[in-house]
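Q: input-v8.txt (compact mmCIF, C-alpha atoms) pasted underneath:
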# COMPACT_ATOMS: atom_id res chain seq x y z
CA MET A 1 -104.96 26.02 25.57
CA LYS A 2 -106.42 25.00 22.19
CA LYS A 3 -107.16 28.64 21.40
CA ASN A 4 -103.58 29.58 22.20
CA ILE A 5 -102.24 26.92 19.81
CA THR A 6 -104.54 28.14 17.02
CA ILE A 7 -103.43 31.74 17.59
CA LEU A 8 -99.79 30.62 17.64
CA ILE A 9 -100.11 28.65 14.36
CA THR A 10 -101.97 31.54 12.69
CA GLY A 11 -99.30 33.94 13.91
CA VAL A 12 -96.47 31.76 12.60
CA VAL A 13 -98.14 31.30 9.18
CA LEU A 14 -98.90 35.03 8.84
CA SER A 15 -95.36 36.01 9.91
CA PHE A 16 -93.92 33.52 7.43
CA CYS A 17 -96.04 34.96 4.60
CA PHE A 18 -95.13 38.51 5.66
CA ILE A 19 -91.39 37.71 5.62
CA ILE A 20 -91.63 36.05 2.17
CA PHE A 21 -93.53 39.00 0.65
CA TYR A 22 -91.36 41.58 2.40
CA LYS A 23 -88.20 39.92 1.07
CA GLY A 24 -89.83 39.79 -2.37
CA LEU A 25 -90.33 43.57 -2.28
CA ASN A 26 -86.58 44.10 -2.20
CA ASN A 27 -85.88 41.79 -5.10
CA PRO A 28 -85.54 43.48 -8.48
CA ASN A 29 -88.19 42.32 -10.96
CA THR A 30 -85.71 42.23 -13.82
CA TYR A 31 -83.55 39.23 -14.57
CA ALA A 32 -79.88 39.69 -13.70
CA PRO A 33 -77.69 36.91 -15.04
CA LYS A 34 -74.66 35.75 -13.12
CA THR A 35 -71.47 37.39 -14.31
CA SER A 36 -68.99 35.41 -12.22
CA ILE A 37 -69.18 31.88 -13.49
CA LYS A 38 -66.93 28.87 -13.84
CA LYS A 39 -68.04 26.86 -16.80
CA ASP A 40 -66.16 24.85 -19.39
CA ILE A 41 -65.92 26.40 -22.83
CA PRO A 42 -68.40 24.85 -25.26
CA ILE A 43 -67.28 22.32 -27.86
CA PHE A 44 -68.13 23.59 -31.33
CA ASN A 45 -67.05 24.00 -34.93
CA ALA A 46 -67.11 27.42 -36.53
CA VAL A 47 -66.15 29.09 -39.80
CA ASP A 48 -63.12 31.39 -39.78
CA PHE A 49 -63.99 34.93 -40.93
CA PHE A 50 -61.06 35.40 -43.34
CA SER A 51 -60.05 31.89 -44.47
CA LYS A 52 -63.64 30.53 -44.48
CA LYS A 53 -62.23 27.25 -43.14
CA THR A 54 -64.06 25.31 -40.47
CA VAL A 55 -62.16 25.26 -37.19
CA SER A 56 -62.85 23.39 -33.99
CA SER A 57 -62.95 24.88 -30.50
CA ASP A 58 -59.91 22.72 -29.57
CA GLU A 59 -57.93 24.38 -32.35
CA ILE A 60 -59.10 27.86 -31.40
CA PHE A 61 -58.26 27.58 -27.70
CA LYS A 62 -55.13 25.45 -28.04
CA ASP A 63 -52.60 27.82 -26.39
CA ASN A 64 -51.92 27.87 -22.68
CA THR A 65 -53.05 31.45 -22.23
CA TYR A 66 -56.05 33.54 -21.25
CA TYR A 67 -58.63 34.14 -23.95
CA ILE A 68 -61.27 36.79 -24.39
CA VAL A 69 -64.26 35.95 -26.55
CA ASN A 70 -65.99 39.10 -27.72
CA ILE A 71 -69.33 38.99 -29.53
CA TRP A 72 -69.62 41.92 -31.91
CA ALA A 73 -71.34 43.13 -35.07
CA SER A 74 -70.81 46.06 -37.42
CA TRP A 75 -74.44 47.18 -36.92
CA CYS A 76 -74.08 47.25 -33.14
CA VAL A 77 -73.52 50.82 -31.92
CA PRO A 78 -72.19 49.91 -28.42
CA CYS A 79 -69.57 47.70 -30.14
CA ARG A 80 -68.04 50.85 -31.61
CA ALA A 81 -67.78 52.35 -28.14
CA GLU A 82 -65.95 49.35 -26.68
CA HIS A 83 -63.67 48.79 -29.69
CA PRO A 84 -60.79 51.07 -28.52
CA LEU A 85 -60.75 49.15 -25.23
CA LEU A 86 -60.47 45.86 -27.11
CA MET A 87 -57.54 47.37 -29.05
CA GLN A 88 -56.01 48.24 -25.68
CA LEU A 89 -56.49 44.65 -24.43
CA ASN A 90 -54.92 43.35 -27.64
CA ARG A 91 -51.64 45.01 -26.63
CA ASN A 92 -51.52 42.76 -23.56
CA HIS A 93 -49.54 39.62 -24.40
CA SER A 94 -51.12 37.47 -21.67
CA VAL A 95 -54.40 37.29 -23.50
CA LYS A 96 -55.70 36.39 -26.95
CA LEU A 97 -58.87 37.92 -28.32
CA ILE A 98 -61.36 35.87 -30.30
CA GLY A 99 -64.11 37.76 -32.08
CA LEU A 100 -67.52 36.27 -32.74
CA ASN A 101 -69.10 38.17 -35.61
CA TYR A 102 -72.81 38.01 -34.77
CA ARG A 103 -75.52 38.04 -37.47
CA ASP A 104 -73.54 40.29 -39.77
CA SER A 105 -72.63 40.59 -43.43
CA PHE A 106 -69.01 39.94 -44.38
CA ASN A 107 -68.53 43.27 -46.20
CA ASN A 108 -69.96 45.37 -43.38
CA ALA A 109 -67.92 43.49 -40.79
CA LYS A 110 -64.74 43.84 -42.88
CA ASN A 111 -65.32 47.58 -43.32
CA PHE A 112 -65.76 47.87 -39.55
CA ILE A 113 -62.45 46.09 -38.91
CA ASP A 114 -60.66 48.13 -41.60
CA GLU A 115 -61.95 51.36 -40.13
CA PHE A 116 -61.47 50.72 -36.41
CA GLY A 117 -58.65 48.14 -36.41
CA ASN A 118 -58.56 44.41 -35.74
CA PRO A 119 -57.97 43.51 -32.09
CA TYR A 120 -58.73 39.81 -32.66
CA SER A 121 -56.25 37.00 -33.22
CA ARG A 122 -59.11 35.14 -34.88
CA ILE A 123 -62.63 36.04 -35.93
CA LEU A 124 -65.39 33.44 -36.18
CA ILE A 125 -68.63 33.78 -38.06
CA ASP A 126 -71.88 33.39 -36.13
CA LYS A 127 -74.38 33.89 -38.93
CA ASP A 128 -77.50 32.76 -37.06
CA GLY A 129 -76.53 33.52 -33.45
CA THR A 130 -76.39 29.86 -32.41
CA LEU A 131 -72.68 30.01 -31.57
CA GLY A 132 -73.49 32.79 -29.13
CA VAL A 133 -76.08 30.52 -27.49
CA GLU A 134 -73.35 27.90 -26.99
CA PHE A 135 -71.52 30.49 -24.89
CA GLY A 136 -74.73 31.45 -23.07
CA ALA A 137 -74.87 34.90 -24.69
CA PHE A 138 -77.92 37.18 -24.73
CA GLY A 139 -76.92 39.44 -27.62
CA VAL A 140 -74.26 41.92 -28.67
CA PRO A 141 -71.87 43.07 -27.38
CA GLU A 142 -70.88 40.48 -24.84
CA THR A 143 -67.45 39.47 -23.58
CA PHE A 144 -66.24 36.28 -21.91
CA LEU A 145 -62.95 35.80 -20.10
CA ILE A 146 -61.51 32.28 -20.35
CA ASP A 147 -58.69 31.11 -18.08
CA ARG A 148 -55.79 28.75 -18.79
CA ASN A 149 -57.90 25.75 -17.71
CA LYS A 150 -60.33 26.59 -20.53
CA LYS A 151 -63.04 27.72 -18.16
CA ILE A 152 -65.23 30.78 -18.65
CA ILE A 153 -64.54 32.74 -15.49
CA LYS A 154 -66.18 36.07 -16.21
CA LYS A 155 -68.92 37.38 -18.40
CA PHE A 156 -69.51 41.04 -19.32
CA ILE A 157 -72.97 41.75 -20.70
CA GLY A 158 -73.08 44.91 -22.80
CA PRO A 159 -70.10 47.02 -23.84
CA ILE A 160 -67.01 46.75 -21.66
CA ASP A 161 -65.73 49.92 -20.01
CA GLN A 162 -62.38 50.94 -18.53
CA GLU A 163 -63.37 49.39 -15.20
CA ALA A 164 -64.01 46.04 -16.89
CA VAL A 165 -60.66 46.25 -18.70
CA ASN A 166 -58.91 46.98 -15.38
CA LYS A 167 -60.64 43.94 -13.86
CA ILE A 168 -59.56 41.72 -16.77
CA GLU A 169 -55.98 43.02 -16.61
CA LEU A 170 -55.88 42.34 -12.90
CA ILE A 171 -57.00 38.73 -13.41
CA ILE A 172 -54.64 37.94 -16.29
CA LYS A 173 -51.59 39.59 -14.69
CA MET B 174 -98.63 -3.25 -63.24
CA LYS B 175 -99.03 -4.97 -59.89
CA ILE B 176 -95.47 -4.17 -58.93
CA PHE B 177 -96.07 -0.57 -59.93
CA LYS B 178 -99.15 -0.38 -57.68
CA ILE B 179 -97.23 -1.87 -54.74
CA PHE B 180 -94.44 0.63 -55.35
CA ILE B 181 -96.93 3.55 -55.32
CA ILE B 182 -98.53 2.28 -52.08
CA LEU B 183 -95.13 1.90 -50.42
CA LEU B 184 -94.12 5.36 -51.55
CA LEU B 185 -97.30 6.86 -50.10
CA ILE B 186 -96.87 5.00 -46.81
CA THR B 187 -93.26 6.13 -46.36
CA ASN B 188 -94.17 9.71 -47.27
CA PHE B 189 -97.03 9.77 -44.77
CA SER B 190 -94.87 8.37 -41.99
CA GLU B 191 -92.22 11.01 -42.75
CA LEU B 192 -94.89 13.69 -42.60
CA LYS B 193 -96.06 12.30 -39.31
CA SER B 194 -92.58 12.44 -37.79
CA GLU B 195 -92.18 16.02 -39.07
CA GLU B 196 -95.51 16.93 -37.50
CA LYS B 197 -94.47 15.26 -34.25
CA ASN B 198 -91.23 17.27 -34.25
CA ASP B 199 -93.16 20.49 -34.83
CA ILE B 200 -95.49 19.74 -31.91
CA LEU B 201 -92.53 18.95 -29.65
CA LYS B 202 -90.68 22.08 -30.81
CA ASN B 203 -93.67 24.32 -30.08
CA LYS B 204 -94.14 22.70 -26.67
CA ILE B 205 -90.50 23.32 -25.75
CA LEU B 206 -90.46 26.89 -27.11
CA LYS B 207 -93.59 27.76 -25.13
CA ASN B 208 -91.86 26.58 -21.95
CA ILE B 209 -88.73 28.69 -22.54
CA ARG B 210 -88.57 32.27 -21.36
CA CYS B 211 -87.24 34.92 -23.72
CA LEU B 212 -84.62 36.40 -21.39
CA ILE B 213 -84.39 39.76 -23.12
CA CYS B 214 -88.15 40.29 -23.56
CA GLN B 215 -90.81 41.38 -21.09
CA GLY B 216 -93.05 38.46 -20.14
CA GLN B 217 -92.77 36.61 -23.44
CA SER B 218 -91.86 33.05 -24.20
CA VAL B 219 -89.36 32.24 -26.94
CA TYR B 220 -92.31 30.93 -28.96
CA ASP B 221 -94.05 34.35 -28.88
CA SER B 222 -90.95 36.45 -29.40
CA GLU B 223 -89.37 37.61 -32.66
CA SER B 224 -86.19 38.91 -31.01
CA GLU B 225 -82.74 37.84 -32.19
CA PHE B 226 -82.19 35.94 -28.97
CA ALA B 227 -85.46 34.04 -29.45
CA SER B 228 -84.75 33.24 -33.09
CA SER B 229 -81.31 31.83 -32.18
CA ILE B 230 -82.89 29.68 -29.45
CA LYS B 231 -85.55 28.50 -31.92
CA LEU B 232 -82.80 27.40 -34.31
CA ILE B 233 -80.91 25.60 -31.55
CA VAL B 234 -84.05 23.77 -30.35
CA ASP B 235 -84.91 22.81 -33.93
CA ARG B 236 -81.37 21.48 -34.46
CA LYS B 237 -81.39 19.48 -31.23
CA ILE B 238 -84.78 17.91 -32.05
CA ASN B 239 -83.56 16.95 -35.53
CA GLU B 240 -80.48 15.38 -33.93
CA GLY B 241 -82.94 13.16 -32.07
CA LEU B 242 -82.34 14.60 -28.61
CA LYS B 243 -85.03 14.28 -25.98
CA GLU B 244 -87.06 17.14 -24.54
CA GLU B 245 -85.45 16.84 -21.09
CA TYR B 246 -81.94 17.05 -22.57
CA ILE B 247 -82.86 20.24 -24.44
CA TYR B 248 -84.13 21.88 -21.23
CA GLU B 249 -80.99 20.69 -19.45
CA PHE B 250 -78.79 22.15 -22.20
CA LEU B 251 -80.50 25.56 -21.97
CA ARG B 252 -80.48 25.49 -18.16
CA GLU B 253 -76.77 24.83 -18.22
CA LYS B 254 -76.23 27.83 -20.53
CA TYR B 255 -78.65 30.34 -18.96
CA GLY B 256 -79.67 28.99 -15.56
CA ASP B 257 -83.04 27.80 -14.19
CA TRP B 258 -84.72 31.10 -15.06
CA ILE B 259 -84.92 30.18 -18.74
CA VAL B 260 -87.60 27.53 -18.18
CA TYR B 261 -91.08 28.41 -16.99
CA ASP B 262 -91.41 25.10 -15.19
CA PRO B 263 -88.76 25.18 -12.44
CA GLN B 264 -87.11 22.02 -11.13
CA LEU B 265 -86.95 21.08 -7.48
CA ASN B 266 -83.65 22.37 -6.10
CA LYS B 267 -82.37 24.37 -3.12
CA ASN B 268 -83.72 27.63 -4.56
CA THR B 269 -87.18 26.34 -5.39
CA TYR B 270 -88.00 23.84 -2.63
CA ILE B 271 -90.23 26.34 -0.78
CA LEU B 272 -92.18 26.90 -3.99
CA TRP B 273 -92.78 23.16 -4.36
CA LEU B 274 -93.25 22.18 -0.72
CA LEU B 275 -95.32 25.11 0.59
CA PRO B 276 -98.59 24.11 -1.14
CA LEU B 277 -98.16 20.55 0.13
CA LEU B 278 -97.49 21.78 3.67
CA LEU B 279 -100.51 24.10 3.57
CA PHE B 280 -102.63 21.24 2.25
CA LEU B 281 -101.50 18.94 5.07
CA LEU B 282 -102.01 21.67 7.65
CA GLY B 283 -105.50 22.37 6.32
CA GLY B 284 -106.29 18.64 6.34
CA ALA B 285 -105.10 18.32 9.95
CA ILE B 286 -107.23 21.30 11.05
CA MET B 287 -110.29 19.92 9.24
CA ARG B 288 -109.79 16.48 10.76
CA LYS B 289 -109.62 17.99 14.22
CA LYS B 290 -112.76 20.05 13.62
CA ILE B 291 -114.73 17.05 12.32
CA LYS B 292 -113.74 14.97 15.34
CA ILE B 293 -115.15 17.65 17.64
Please express what this file holds, its structure, as structure tokens.
A:
Amino acid sequence: MKKNITILITGVVLSFCFIIFYKGLNNPNTYAPKTSIKKDIPIFNAVDFFSKKTVSSDEIFKDNTYYIVNIWASWCVPCRAEHPLLMQLNRNHSVKLIGLNYRDSFNNAKNFIDEFGNPYSRILIDKDGTLGVEFGAFGVPETFLIDRNKKIIKKFIGPIDQEAVNKIELIIK
Amino acid sequence: MKIFKIFIILLLITNFSELKSEEKNDILKNKILKNIRCLICQGQSVYDSESEFASSIKLIVDRKINEGLKEEYIYEFLREKYGDWIVYDPQLNKNTYILWLLPLLLFLLGGAIMRKKIKI
């Protein structure tokens, strides 16, 4: 009887360990952040790219509309690839685009905008990348969709593609 | 002359205490940065990394310490932004309870087995 209990306990423990390790085999060993989130927008002050005036997040997101916050930089190659799609989104009147110019120089960023067009209703300067951290960003490019309740509802890490634009347009319709 | 001496002593004392608080902040900053994972690096803490992400996090941590915020609040802030994965020391929650409780369970099980064996 005692022997049976010992065998049973050993069996249970070994099976448990086997299941844990087997499940672990299927997990990817790279970190995949959540892209569907529901978080409040951060409260911050930032400097406007053109006017150089300090603006608060309340001022920036004051309208009752959807917002897209796009983190970009002139030195970022994937940002060039996604730029025409941002121009396409800019034509949609249900959404306002806010650009976060990440660790960039003013002249280079301005040349970028002059060359490729300005899809943003407002551009903010993020000289040291700390504003990006407030949004929970990893780097450039990154795009956040904010709903009318001022909640971040979707996050796109890396350049957006046509599929992402279709998704955004479906949500903001 | 006496007043001058007292003034010099006071000046030295205040300077040393300031230095001490700066040193304390540096120690706390390094401790926090070593416990934060660089999410875009391979197996590096923010402290070890020179990436843009790490340097932004370093600035944020520095700012929060200078604002007088406590260590726990800083971890909480980063967890809220990036999830539990950003800290090396995970908290007890529904995703990590096995990690925390399994060693304790194994310890108790081992203890029970040993107790039984000794009795025999």
Q: Using all atoms listed in the file, find which residues of chain A lie within 6 Å of chain B and jot them down as a PyMOL selection string.
A: chain A and resi 129-130+136
Q: Any chance you could export the current selection's C-alpha atoms as a compact mmCIF listing (two decimals), in the coordinates of the input?
A:
# COMPACT_ATOMS: atom_id res chain seq x y z
CA GLY A 129 -76.53 33.52 -33.45
CA THR A 130 -76.39 29.86 -32.41
CA GLY A 136 -74.73 31.45 -23.07
Q: Mind checking which residues fall within 10 Å of Ile43 (chain A), counting all atoms listed in the file, ignoring those fewer than 3 positions away in the same chain, and posting them as a ChimeraX atom specification?
A: /A:40,56-58,134-135
Q: Quick check, in Å to one decimal: how far apart do CA of Asn198 (chain B) and CA of Asp235 (chain B) lie?
A: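 Calculated distance between CA of Asn198 (chain B) and CA of Asp235 (chain B) is 8.4 Å.
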Q: One decimal, Å: what's the distance from CA of Ile41 (chain A) over to CA of Thr143 (chain A), could you say?
A: 13.2 Å
Q: Just how far from CA of Glu59 (chain A) is CA of Asp104 (chain A), in Å to one decimal?
A: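 Distance reported for this atom pair: 23.5 Å.
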Q: Ranking A:Gly24, A:Pro84, A:Gly99, A:Pro141 by minimum distance to Val165 (chain A) and counting all atoms listed in the file, which one comes first?
A: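 The shortest atom-to-atom distance to Val165 (chain A) comes from A:Pro84.
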Q: Of the residues B:Gly241, B:Pro276, B:Pro263, B:Gly283, which is the one nearest to Ile209 (chain B), using all atoms listed in the file?
A: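 The shortest atom-to-atom distance to Ile209 (chain B) comes from B:Pro263.
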Q: Got a sec: who's within 10 Å of Tyr261 (chain B), counting only C-alpha atoms, leaving out chain neighbours fewer than 2 positions off, as a ChimeraX atom specification?
A: /B:207-210,218,257-259,263-264
Q: Which one is closest to Phe138 (chain A): A:Phe116, A:Phe156, A:Ile9, A:Ser51? Count only C-alpha atoms.
A: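 Among A:Phe116, A:Phe156, A:Ile9, A:Ser51, it is A:Phe156 that comes nearest to Phe138 (chain A).
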Q: When you count only C-alpha atoms, which of these residues is closest to Glu245 (chain B): B:Lys267, B:Ile205, B:Asp221, B:Cys214?
A: B:Ile205
Q: Let me know the centre plus edge lengths, in Å and rounded to one decimal, of a box with edges along x, y and z that contains all listed atoms of region 128-136 of chain A and is padded by 4 Å on every side, as AutoDock Vina command-line options.
A:
--center_x -74.5 --center_y 30.7 --center_z -30.1 --size_x 14.0 --size_y 13.6 --size_z 22.0
Q: Taking all atoms listed in the file into account, name the residue in A:Phe49, A:Ile153, A:Tyr67, A:Gly139 that is nearest to Lys110 (chain A).
A: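 Selected residue with least distance to Lys110 (chain A): A:Phe49.
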Q: Restricting the calculation to only C-alpha atoms: of A:Asp128, A:Glu82, A:Ile171, A:Lys96, which residue gets closest to Lys62 (chain A)?
A: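 Ranking A:Asp128, A:Glu82, A:Ile171, A:Lys96 by distance to Lys62 (chain A), first place goes to A:Lys96.
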Q: Could you give me, as an NGL selection string, the residues within 12 Å of Ile20 (chain A), counting all atoms listed in the file and dropping anything in the same chain fewer than 5 positions from it?
A: (:A and (13-15 or 25-27)) or (:B and (271-272 or 275))
Q: Skip Arg122 (chain A) itself and residues of its chain fewer than 4 positions away, then list as a list of chain:residue names all residues within 10 Å of it, counting only C-alpha atoms.
A: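 Result of the neighbour search: A:Asp48, A:Phe49, A:Phe50, A:Ile60, A:Val69, A:Lys96, A:Leu97, A:Ile98, A:Gly99, A:Leu100, A:Asn118.
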Q: Complete region 111-147 of chain A with N, CA and C atoms (output as a JSON list (two decimals), in the frame of the given file).
A:
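Produced file result_26.json, reproduced below:
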[["chain", "number", "residue", "atom", "x", "y", "z"],
["A", 111, "ASN", "N", -65.47, 46.12, -43.34],
["A", 111, "ASN", "CA", -65.32, 47.58, -43.32],
["A", 111, "ASN", "C", -65.12, 48.10, -41.90],
["A", 112, "PHE", "N", -65.86, 47.49, -40.97],
["A", 112, "PHE", "CA", -65.76, 47.87, -39.55],
["A", 112, "PHE", "C", -64.34, 47.64, -39.05],
["A", 113, "ILE", "N", -63.81, 46.45, -39.36],
["A", 113, "ILE", "CA", -62.45, 46.09, -38.91],
["A", 113, "ILE", "C", -61.42, 46.99, -39.59],
["A", 114, "ASP", "N", -61.62, 47.27, -40.87],
["A", 114, "ASP", "CA", -60.66, 48.13, -41.60],
["A", 114, "ASP", "C", -60.65, 49.55, -41.03],
["A", 115, "GLU", "N", -61.83, 49.99, -40.62],
["A", 115, "GLU", "CA", -61.95, 51.36, -40.13],
["A", 115, "GLU", "C", -61.42, 51.52, -38.69],
["A", 116, "PHE", "N", -61.79, 50.57, -37.84],
["A", 116, "PHE", "CA", -61.47, 50.72, -36.41],
["A", 116, "PHE", "C", -60.27, 49.88, -35.95],
["A", 117, "GLY", "N", -59.77, 49.00, -36.78],
["A", 117, "GLY", "CA", -58.65, 48.14, -36.41],
["A", 117, "GLY", "C", -59.13, 46.75, -36.00],
["A", 118, "ASN", "N", -58.20, 45.79, -36.09],
["A", 118, "ASN", "CA", -58.56, 44.41, -35.74],
["A", 118, "ASN", "C", -57.87, 43.97, -34.45],
["A", 119, "PRO", "N", -58.61, 43.92, -33.35],
["A", 119, "PRO", "CA", -57.97, 43.51, -32.09],
["A", 119, "PRO", "C", -57.92, 41.99, -31.93],
["A", 120, "TYR", "N", -58.55, 41.26, -32.84],
["A", 120, "TYR", "CA", -58.73, 39.81, -32.66],
["A", 120, "TYR", "C", -57.62, 38.99, -33.31],
["A", 121, "SER", "N", -57.21, 37.92, -32.61],
["A", 121, "SER", "CA", -56.25, 37.00, -33.22],
["A", 121, "SER", "C", -56.99, 36.08, -34.18],
["A", 122, "ARG", "N", -58.28, 35.93, -33.97],
["A", 122, "ARG", "CA", -59.11, 35.14, -34.88],
["A", 122, "ARG", "C", -60.56, 35.62, -34.78],
["A", 123, "ILE", "N", -61.21, 35.67, -35.93],
["A", 123, "ILE", "CA", -62.63, 36.04, -35.93],
["A", 123, "ILE", "C", -63.43, 34.85, -36.46],
["A", 124, "LEU", "N", -64.50, 34.54, -35.77],
["A", 124, "LEU", "CA", -65.39, 33.44, -36.18],
["A", 124, "LEU", "C", -66.73, 34.00, -36.63],
["A", 125, "ILE", "N", -67.33, 33.31, -37.56],
["A", 125, "ILE", "CA", -68.63, 33.78, -38.06],
["A", 125, "ILE", "C", -69.76, 33.10, -37.29],
["A", 126, "ASP", "N", -70.68, 33.92, -36.79],
["A", 126, "ASP", "CA", -71.88, 33.39, -36.13],
["A", 126, "ASP", "C", -73.09, 33.96, -36.88],
["A", 127, "LYS", "N", -73.36, 33.36, -38.00],
["A", 127, "LYS", "CA", -74.38, 33.89, -38.93],
["A", 127, "LYS", "C", -75.79, 33.90, -38.31],
["A", 128, "ASP", "N", -76.12, 32.85, -37.58],
["A", 128, "ASP", "CA", -77.50, 32.76, -37.06],
["A", 128, "ASP", "C", -77.60, 32.93, -35.54],
["A", 129, "GLY", "N", -76.51, 33.26, -34.89],
["A", 129, "GLY", "CA", -76.53, 33.52, -33.45],
["A", 129, "GLY", "C", -76.46, 32.27, -32.59],
["A", 130, "THR", "N", -76.37, 31.10, -33.20],
["A", 130, "THR", "CA", -76.39, 29.86, -32.41],
["A", 130, "THR", "C", -75.06, 29.61, -31.68],
["A", 131, "LEU", "N", -73.98, 30.15, -32.24],
["A", 131, "LEU", "CA", -72.68, 30.01, -31.57],
["A", 131, "LEU", "C", -72.68, 30.82, -30.26],
["A", 132, "GLY", "N", -73.34, 31.96, -30.33],
["A", 132, "GLY", "CA", -73.49, 32.79, -29.13],
["A", 132, "GLY", "C", -74.25, 32.05, -28.05],
["A", 133, "VAL", "N", -75.28, 31.31, -28.45],
["A", 133, "VAL", "CA", -76.08, 30.52, -27.49],
["A", 133, "VAL", "C", -75.19, 29.48, -26.81],
["A", 134, "GLU", "N", -74.27, 28.89, -27.57],
["A", 134, "GLU", "CA", -73.35, 27.90, -26.99],
["A", 134, "GLU", "C", -72.54, 28.50, -25.83],
["A", 135, "PHE", "N", -72.26, 29.80, -25.95],
["A", 135, "PHE", "CA", -71.52, 30.49, -24.89],
["A", 135, "PHE", "C", -72.46, 31.02, -23.79],
["A", 136, "GLY", "N", -73.76, 30.93, -24.03],
["A", 136, "GLY", "CA", -74.73, 31.45, -23.07],
["A", 136, "GLY", "C", -74.90, 32.95, -23.20],
["A", 137, "ALA", "N", -74.77, 33.45, -24.45],
["A", 137, "ALA", "CA", -74.87, 34.90, -24.69],
["A", 137, "ALA", "C", -76.31, 35.33, -24.87],
["A", 138, "PHE", "N", -76.58, 36.61, -24.58],
["A", 138, "PHE", "CA", -77.92, 37.18, -24.73],
["A", 138, "PHE", "C", -78.02, 38.02, -26.00],
["A", 139, "GLY", "N", -76.90, 38.57, -26.44],
["A", 139, "GLY", "CA", -76.92, 39.44, -27.62],
["A", 139, "GLY", "C", -75.55, 40.05, -27.83],
["A", 140, "VAL", "N", -75.53, 41.22, -28.45],
["A", 140, "VAL", "CA", -74.26, 41.92, -28.67],
["A", 140, "VAL", "C", -74.26, 43.28, -27.98],
["A", 141, "PRO", "N", -73.14, 43.78, -27.54],
["A", 141, "PRO", "CA", -71.87, 43.07, -27.38],
["A", 141, "PRO", "C", -71.86, 42.29, -26.07],
["A", 142, "GLU", "N", -71.04, 41.28, -26.05],
["A", 142, "GLU", "CA", -70.88, 40.48, -24.84],
["A", 142, "GLU", "C", -69.44, 39.94, -24.84],
["A", 143, "THR", "N", -68.85, 39.87, -23.66],
["A", 143, "THR", "CA", -67.45, 39.47, -23.58],
["A", 143, "THR", "C", -67.26, 38.40, -22.51],
["A", 144, "PHE", "N", -66.48, 37.39, -22.84],
["A", 144, "PHE", "CA", -66.24, 36.28, -21.91],
["A", 144, "PHE", "C", -64.73, 36.16, -21.69],
["A", 145, "LEU", "N", -64.36, 36.01, -20.42],
["A", 145, "LEU", "CA", -62.95, 35.80, -20.10],
["A", 145, "LEU", "C", -62.75, 34.31, -19.80],
["A", 146, "ILE", "N", -61.78, 33.72, -20.49],
["A", 146, "ILE", "CA", -61.51, 32.28, -20.35],
["A", 146, "ILE", "C", -60.11, 32.09, -19.77],
["A", 147, "ASP", "N", -60.01, 31.28, -18.72],
["A", 147, "ASP", "CA", -58.69, 31.11, -18.08],
["A", 147, "ASP", "C", -57.88, 30.00, -18.75]]
